[in-house]
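Colleague: Just model_28.cif, nothing more (mmCIF, C-alpha atoms):
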data_work
loop_
_atom_site.label_atom_id
_atom_site.label_comp_id
_atom_site.auth_asym_id
_atom_site.auth_seq_id
_atom_site.Cartn_x
_atom_site.Cartn_y
_atom_site.Cartn_z
CA MET V 1 -213.61 16.49 13.69
CA THR V 2 -211.32 19.26 12.74
CA ARG V 3 -212.69 22.62 11.78
CA PHE V 4 -211.49 22.09 8.15
CA THR V 5 -213.25 18.73 7.88
CA ARG V 6 -216.51 20.13 9.32
CA SER V 7 -216.34 23.05 6.89
CA SER V 8 -215.69 20.70 3.97
CA VAL V 9 -218.63 18.47 4.95
CA PHE V 10 -220.91 21.50 5.36
CA LEU V 11 -219.83 22.89 1.98
CA ALA V 12 -220.40 19.51 0.28
CA LEU V 13 -223.89 19.20 1.78
CA LEU V 14 -224.69 22.76 0.78
CA LEU V 15 -223.64 22.11 -2.82
CA LEU V 16 -225.61 18.85 -2.95
CA GLY V 17 -228.71 20.71 -1.87
CA PHE V 18 -228.35 23.40 -4.53
CA PRO V 19 -231.55 23.41 -6.55
CA LEU V 20 -230.32 22.43 -10.03
CA ARG V 21 -233.82 22.66 -11.46
CA HIS V 22 -233.53 26.44 -11.38
CA LEU V 23 -230.63 26.49 -13.81
CA HIS V 24 -231.74 27.61 -17.25
CA GLY V 25 -230.41 25.91 -20.35
CA SER V 26 -231.39 25.10 -23.87
CA ARG V 27 -232.33 21.49 -23.19
CA ALA V 28 -234.98 20.04 -25.44
CA ASP V 29 -237.31 19.25 -22.56
CA ASN V 30 -237.49 22.96 -21.67
CA PRO V 31 -239.32 25.10 -24.21
CA PRO V 32 -237.27 27.99 -25.59
CA ALA V 33 -237.86 31.47 -24.30
CA ALA V 34 -240.75 33.28 -25.97
CA GLY V 35 -239.85 34.21 -29.51
CA LYS V 36 -236.51 32.36 -29.43
CA GLU V 37 -235.30 29.42 -31.46
CA VAL V 38 -232.69 27.17 -29.88
CA VAL V 39 -230.06 25.03 -31.58
CA LEU V 40 -229.93 21.65 -29.86
CA LYS V 41 -226.66 19.89 -29.16
CA ALA V 42 -226.21 16.15 -28.75
CA ALA V 43 -226.69 16.38 -24.97
CA ASP V 44 -230.12 17.95 -25.55
CA ILE V 45 -231.43 15.06 -27.68
CA THR V 46 -233.02 12.36 -25.54
CA PRO V 47 -235.22 9.30 -26.20
CA LYS V 48 -238.14 11.45 -25.03
CA ILE V 49 -238.02 13.43 -28.31
CA PHE V 50 -236.01 11.16 -30.66
CA PRO V 51 -236.34 7.36 -30.86
CA GLU V 52 -233.40 5.15 -29.92
CA ARG V 53 -234.00 2.97 -32.98
CA VAL V 54 -235.40 4.20 -36.29
CA PHE V 55 -237.12 2.40 -39.16
CA PHE V 56 -235.80 2.81 -42.68
CA ARG V 57 -236.09 0.57 -45.74
CA GLY V 58 -237.37 -2.52 -43.93
CA GLN V 59 -234.97 -2.45 -40.99
CA SER V 60 -234.52 -0.83 -37.63
CA ALA V 61 -231.20 0.86 -36.87
CA PRO V 62 -229.84 2.38 -33.64
CA VAL V 63 -229.37 6.15 -33.42
CA GLN V 64 -226.01 7.52 -32.27
CA PHE V 65 -227.25 10.06 -29.71
CA ARG V 66 -223.73 11.41 -29.26
CA ASN V 67 -223.95 12.44 -32.93
CA SER V 68 -227.27 14.25 -33.03
CA GLY V 69 -228.60 17.79 -33.07
CA GLY V 70 -231.50 19.93 -34.15
CA VAL V 71 -233.55 23.06 -33.72
CA HIS V 72 -236.31 23.73 -31.18
CA PHE V 73 -238.53 26.48 -32.53
CA ALA V 74 -240.24 29.08 -30.36
CA ASP V 75 -243.67 27.52 -31.05
CA ASP V 76 -242.44 24.16 -29.64
CA PHE V 77 -241.87 22.40 -32.98
CA TYR V 78 -238.67 20.49 -33.72
CA VAL V 79 -236.23 19.57 -36.44
CA LEU V 80 -234.08 16.68 -35.18
CA VAL V 81 -231.33 14.68 -36.84
CA GLY V 82 -229.08 11.87 -35.68
CA LEU V 83 -226.47 9.63 -37.26
CA VAL V 84 -227.50 5.98 -37.52
CA ASP V 85 -225.66 2.69 -37.57
CA SER V 86 -226.37 1.55 -41.12
CA SER V 87 -224.14 -1.54 -40.98
CA GLY V 88 -226.99 -3.96 -41.79
CA TYR V 89 -227.98 -2.23 -45.03
CA SER V 90 -226.86 -2.96 -48.58
CA SER V 91 -223.89 -0.96 -49.86
CA GLY V 92 -226.18 0.98 -52.23
CA ILE V 93 -228.28 2.26 -49.32
CA LYS V 94 -225.35 2.71 -46.92
CA GLU V 95 -223.59 5.17 -49.19
CA LYS V 96 -226.65 7.45 -49.14
CA TYR V 97 -228.19 6.73 -45.71
CA GLN V 98 -226.07 8.30 -42.98
CA ALA V 99 -228.57 9.99 -40.69
CA TYR V 100 -232.25 10.14 -39.78
CA LEU V 101 -234.18 13.41 -40.02
CA LEU V 102 -237.41 14.16 -38.16
CA ASN V 103 -239.02 17.47 -38.98
CA GLU V 104 -242.32 18.74 -37.62
CA VAL V 105 -242.31 21.81 -39.87
CA THR V 106 -241.91 22.38 -43.58
CA LEU V 107 -238.27 23.08 -44.41
CA GLU V 108 -236.61 24.92 -47.24
CA ILE V 109 -233.34 23.27 -48.21
CA ALA V 110 -231.34 25.06 -50.91
CA GLY V 111 -234.53 26.50 -52.41
CA GLN V 112 -236.48 23.22 -52.34
CA THR V 113 -239.35 22.37 -50.00
CA LEU V 114 -239.43 19.37 -47.67
CA LYS V 115 -242.72 18.56 -45.94
CA PRO V 116 -242.81 17.41 -42.29
CA GLY V 117 -241.92 13.74 -41.86
CA ALA V 118 -239.26 11.14 -41.16
CA TYR V 119 -236.46 10.76 -43.69
CA GLY V 120 -233.12 9.11 -44.32
CA ILE V 121 -230.46 11.63 -45.33
CA GLY V 122 -226.86 11.72 -46.42
CA PHE V 123 -224.09 13.49 -48.26
CA ILE V 124 -223.02 11.70 -51.41
CA THR V 125 -220.11 12.06 -53.82
CA GLY V 126 -220.26 14.91 -56.24
CA GLY V 127 -221.20 17.48 -53.58
CA LYS V 128 -224.80 16.37 -53.18
CA PHE V 129 -227.18 16.11 -50.23
CA VAL V 130 -229.96 13.58 -50.59
CA VAL V 131 -233.22 13.14 -48.66
CA MET V 132 -235.03 9.81 -48.94
CA ASP V 133 -238.45 8.63 -47.81
CA LEU V 134 -238.69 5.57 -45.55
CA GLY V 135 -238.66 3.28 -48.61
CA ALA V 136 -235.23 4.68 -49.66
CA ASN V 137 -236.72 6.60 -52.61
CA ASP V 138 -235.09 9.97 -53.31
CA VAL V 139 -237.40 12.83 -52.31
CA LEU V 140 -234.97 15.71 -52.66
CA GLN V 141 -231.41 16.13 -53.91
CA VAL V 142 -229.54 19.43 -53.70
CA GLY V 143 -225.96 20.65 -53.88
CA SER V 144 -223.97 20.62 -50.64
CA GLN V 145 -221.01 22.69 -49.49
CA HIS V 146 -217.64 21.68 -48.03
CA ASP V 147 -216.21 23.78 -45.20
CA ALA V 148 -212.43 23.31 -45.51
CA GLU V 149 -211.87 26.06 -42.91
CA MET V 150 -213.63 24.18 -40.10
CA LYS V 151 -210.98 23.55 -37.47
CA ARG V 152 -212.50 20.58 -35.64
CA PRO V 153 -215.25 18.82 -37.54
CA VAL V 154 -217.48 16.46 -35.61
CA PRO V 155 -219.53 13.62 -37.08
CA LEU V 156 -222.81 15.62 -36.95
CA GLN V 157 -223.87 19.04 -35.75
CA VAL V 158 -226.41 21.77 -36.40
CA LEU V 159 -225.20 25.38 -36.29
CA VAL V 160 -226.78 28.77 -36.87
CA SER V 161 -226.15 30.06 -40.40
CA SER V 162 -225.01 33.56 -41.23
CA THR V 163 -228.35 34.12 -43.03
CA ALA V 164 -231.23 35.21 -40.79
CA GLY V 165 -233.41 32.28 -39.74
CA GLY V 166 -231.05 29.80 -41.36
CA TYR V 167 -229.21 26.78 -40.02
CA ARG V 168 -226.46 24.50 -41.24
CA LEU V 169 -226.58 20.73 -40.95
CA TYR V 170 -223.02 19.40 -40.93
CA ILE V 171 -221.83 15.85 -41.31
CA GLY V 172 -218.09 16.22 -40.93
CA ARG V 173 -217.11 19.21 -43.06
CA ASP V 174 -219.97 18.81 -45.53
CA TYR V 175 -223.06 20.89 -44.92
CA VAL V 176 -226.37 22.04 -46.30
CA GLU V 177 -228.29 25.13 -45.24
CA PHE V 178 -231.92 24.91 -44.24
CA ARG V 179 -234.61 27.15 -42.82
CA ARG V 180 -238.19 26.86 -41.73
CA ALA V 181 -240.37 27.50 -44.78
CA PRO V 182 -242.85 30.41 -44.50
#
Translate this file's structure into structure tokens.
Modeller:
Amino acid sequence: MTRFTRSSVFLALLLLGFPLRHLHGSRADNPPAAGKEVVLKAADITPKIFPERVFFRGQSAPVQFRNSGGVHFADDFYVLVGLVDSSGYSSGIKEKYQAYLLNEVTLEIAGQTLKPGAYGIGFITGGKFVVMDLGANDVLQVGSQHDAEMKRPVPLQVLVSSTAGGYRLYIGRDYVEFRRAP
């Protein structure tokens, strides 16, 4: 073996042995640092914390994990949301049911309170955000915003808001702000 080949093999073995478990990230299976809340990206949402299929209005639909996000609070509670494949639903439900929301804490959404639970959510025409119970009954409806300045919208994401303790749930360019209720 040439010296270059031996060095390359040694370097490859050294890198393979690097202890990846010591890398720190904001993955959902690692609790956030004390006193810190962490925004979760799609790569952080796994079947361990969010089901692969969700029940809503008499049917089970697959979750699009690549289009999911959430917040992991410092006390180990979650708010998780993921787009769903609503192709098997009636057109009346499909226009309102775009994503599935799981929240372990009470949320304040545009001044209204949402108790912990599992909900169907969506952005509807007229600049509205709707939250539905599992029977497709409206629980909450508030005004939504449209971010025309967003350069590269993605199907779903959760971002930190400019208001302290607030977050934005985006589906495309439409968003609603939420926070953990006191």
Colleague: Please indicate the distance in Å from CA of Gln98 in chain V to CA of Arg180 in chain V, rounded to one decimal place.
Modeller: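 According to the coordinates, CA of Gln98 in chain V and CA of Arg180 in chain V are separated by 22.2 Å.
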Colleague: Which residue, V:Gly120, V:Gly82, V:Gly143, V:Pro182, has the smallest gap to Val63 in chain V when you use only C-alpha atoms?
Modeller: V:Gly82
Colleague: My list of candidates is V:Pro155, V:Gly165, V:Gly35, V:Pro116. Which is closest to Leu83 in chain V when distances are computed with all atoms listed in the file?
Modeller: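 Result for the nearest residue to Leu83 in chain V: V:Pro155.
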Colleague: Tell me, as a ChimeraX atom specification, which residues lie within 12 Å of range 66-76 of chain V, counting only C-alpha atoms; anything in the same chain fewer than 6 positions away does not count.
Modeller: /V:26-47,49-52,82-85,98-105,107,153-160,165-172,178-180
Colleague: May I ask for the distance between CA of Asn137 in chain V and CA of Ser86 in chain V, given in Å to one decimal place?
Modeller: 16.3 Å
